[in-house]
Amino acid sequence: MSARIISGTEVAKQIREELKLEITELKSRHNLVPGLATILLGDDPASKSYIAGKEKTALALGIYSERIDLSASTTEAQLLDLIGKLNQDPKIHGILVQVPLPSHINETRVLYAIDPKKDVDGFHPVNLGRLMIGDPDFIPCTPYGIQQLLVRSGTKIDGAEVVIVGRSNLVGKPIANILMQKKEGANATVTICHTGTRDIASHTQRADILIVAAGRPKAITASMIKEGAVVIDVGVNRIGKTPAGKDILVGDVDFENVKDKAGAITPVPGGVGPMTITMLMLNTVKAAKIALGLS
Ligand SMILES: NC(=O)c1ccc[n+]([C@@H]2O[C@H](COP(=O)([O-])OP(=O)(O)OC[C@H]3O[C@@H](n4cnc5c(N)ncnc54)[C@H](OP(=O)(O)O)[C@@H]3O)[C@@H](O)[C@H]2O)c1
């Protein structure tokens, strides 16, 4: 039997509709327009397209968007100065610096410079620490999107065996922290696998929910999963170009074979990807509400 497809495109659309209503209400009731500043250094095509997507989504939802494109030779001091100004700017509630940054800039220093109350990416150590103790303001967007995909697709998380492949600060560690909390939409038993794990299949085969963020095409094959498992494929791997010159994207899961054994699965593209931008917008709205004392 073929797995049910969990469409990130559909769930993201649903959340965006909810956000539109909330933004309209914030404007009419509180004269509050959530504001997002995005900063891009250089002209890496993938980063440019991510930033363009974020700007387009923000504008479509009624979020004030300030896009700041800087040259790759911008100094760290100049970037820190700009962040300092945005930290003080009352129109801006969320600040996003697109990574990776050019190698002459220390990413950690830049990340630490963002006011935690405007850190809508959720990567500031204050926000990651608060996530760990179960009291977050901002949850990193991709893992937050994964949780919403699970919740909104009706997946039972409470008591589930969750296995995560990948332990990055961006995906693996935060999603583990989210799903292990004693809360609704969580309360799972969580295992994290990585390149140091002995016999990965012995873990993945136990998973009721398998989340894969390894960045390796076909890292997960059908023999590695349990019949009926819910599989969330976070991977985005560019494996070539179409004749028209578009990137061919695949996830980390051998989709064609795994879909016949899984109970539900996210596609790539159209799975986790659309959720990431949507959760950034949700965090921006939350930041605006916090700024006004509404949240
Ligand atoms: N859709 C989205 O919005 C979105 C957002 C973020 C990331 N992604 C995608 O998700 C993937 C992961 O991203 P990331 O930033 O988390 O990557 P990352 O920083 O490269 O981390 C990859 C993790 O996977 C582990 N790993 C790699 N190969 C493995 C294998 N064969 N078996 C077990 N573990 C393995 C690594 O282990 P070690 O720690 O031992 O090296 C590491 O912990 C990438 O394809 C990325 O493009 C998508």
# chains A, B, ... in the order shown; residues from 1 in each chain; ligands from 1
>>> residues_near_ligand(ligand="ligand 1", cutoff="9 Å", atoms="only C-alpha atoms and all ligand atoms", output="PyMOL selection string")
chain A and resi 141-143+145+164-173+192-197+200+212-220+233-238+250-252+268-277
>>> select_by_dssp(residues="region 42-176 of chain A", states="strand (DSSP E)", output="PyMOL selection string")
chain A and resi 64-70+94-97+161-165
>>> residues_around(residues="Gln88 (chain A)", least_positions_apart="4", cutoff="12 Å", atoms="only C-alpha atoms", output="MDAnalysis selection string")
chainID A and resid 81:84 92:95 114:115 117:118 291
>>> select_by_dssp(residues="region 67-232 of chain A", states="alpha helix (DSSP H)", output="PyMOL selection string")
chain A and resi 76-88+107-113+125-132+141-152+172-180+200-204
>>> closest_residue(among="A:Lys27, A:Lys20, A:Lys261, A:Lys54", to="Leu280 (chain A)", atoms="only C-alpha atoms")
A:Lys54
>>> closest_atom_pairs(of="region 53-152 of chain A", to="region 41-49 of chain A", cutoff="8 Å", atoms="only C-alpha atoms", output="Markdown table")
| residue | atom | partner | partner_atom | distance |
| --- | --- | --- | --- | --- |
| A:Gly53 | CA | A:Ser49 | CA | 6.1 |
| A:Asp69 | CA | A:Leu41 | CA | 6.1 |
| A:Leu70 | CA | A:Leu41 | CA | 4.8 |
| A:Ser71 | CA | A:Gly42 | CA | 4.9 |
| A:Ala72 | CA | A:Gly42 | CA | 4.0 |
| A:Ser73 | CA | A:Gly42 | CA | 7.7 |
| A:Thr74 | CA | A:Leu41 | CA | 7.3 |
| A:Gln98 | CA | A:Ser47 | CA | 6.8 |
| A:Val99 | CA | A:Ser47 | CA | 7.5 |
| A:Leu101 | CA | A:Leu41 | CA | 6.7 |
| A:Pro102 | CA | A:Leu41 | CA | 7.4 |
>>> atom_distance(atom1="CA of Leu294 (chain A)", atom2="CA of Glu18 (chain A)")
17.2 Å
>>> closest_residue(among="A:Ala288, A:Leu80, A:Leu150, A:Met132", to="His30 (chain A)", atoms="only C-alpha atoms")
A:Ala288
>>> closest_residue(among="A:Lys183, A:Lys226, A:Arg29, A:Lys91", to="Asp260 (chain A)", atoms="only C-alpha atoms")
A:Lys226
>>> residues_around(residues="Pro125 (chain A)", least_positions_apart="6", cutoff="10 Å", atoms="only C-alpha atoms", output="list of chain:residue names")
A:Thr108, A:Leu111, A:Tyr112, A:Pro116, A:Leu131
>>> atom_distance(atom1="CA of Val33 (chain A)", atom2="CA of Val285 (chain A)")
8.6 Å
>>> closest_residue(among="A:Ala60, A:Ala222, A:Met279, A:Ile290", to="Val11 (chain A)", atoms="only C-alpha atoms")
A:Met279
>>> atom_distance(atom1="CA of Ala186 (chain A)", atom2="CA of Ala201 (chain A)")
23.5 Å
>>> residues_around(residues="Leu36 (chain A)", least_positions_apart="3", cutoff="12 Å", atoms="only C-alpha atoms", output="NGL selection string")
:A and (33 or 39 or 51 or 54-59 or 61-68 or 86-87 or 89-97 or 118-121 or 280-288)
>>> closest_residue(among="A:Phe138, A:Phe123, A:Tyr144, A:Phe255", to="Val231 (chain A)", atoms="only C-alpha atoms")
A:Phe255
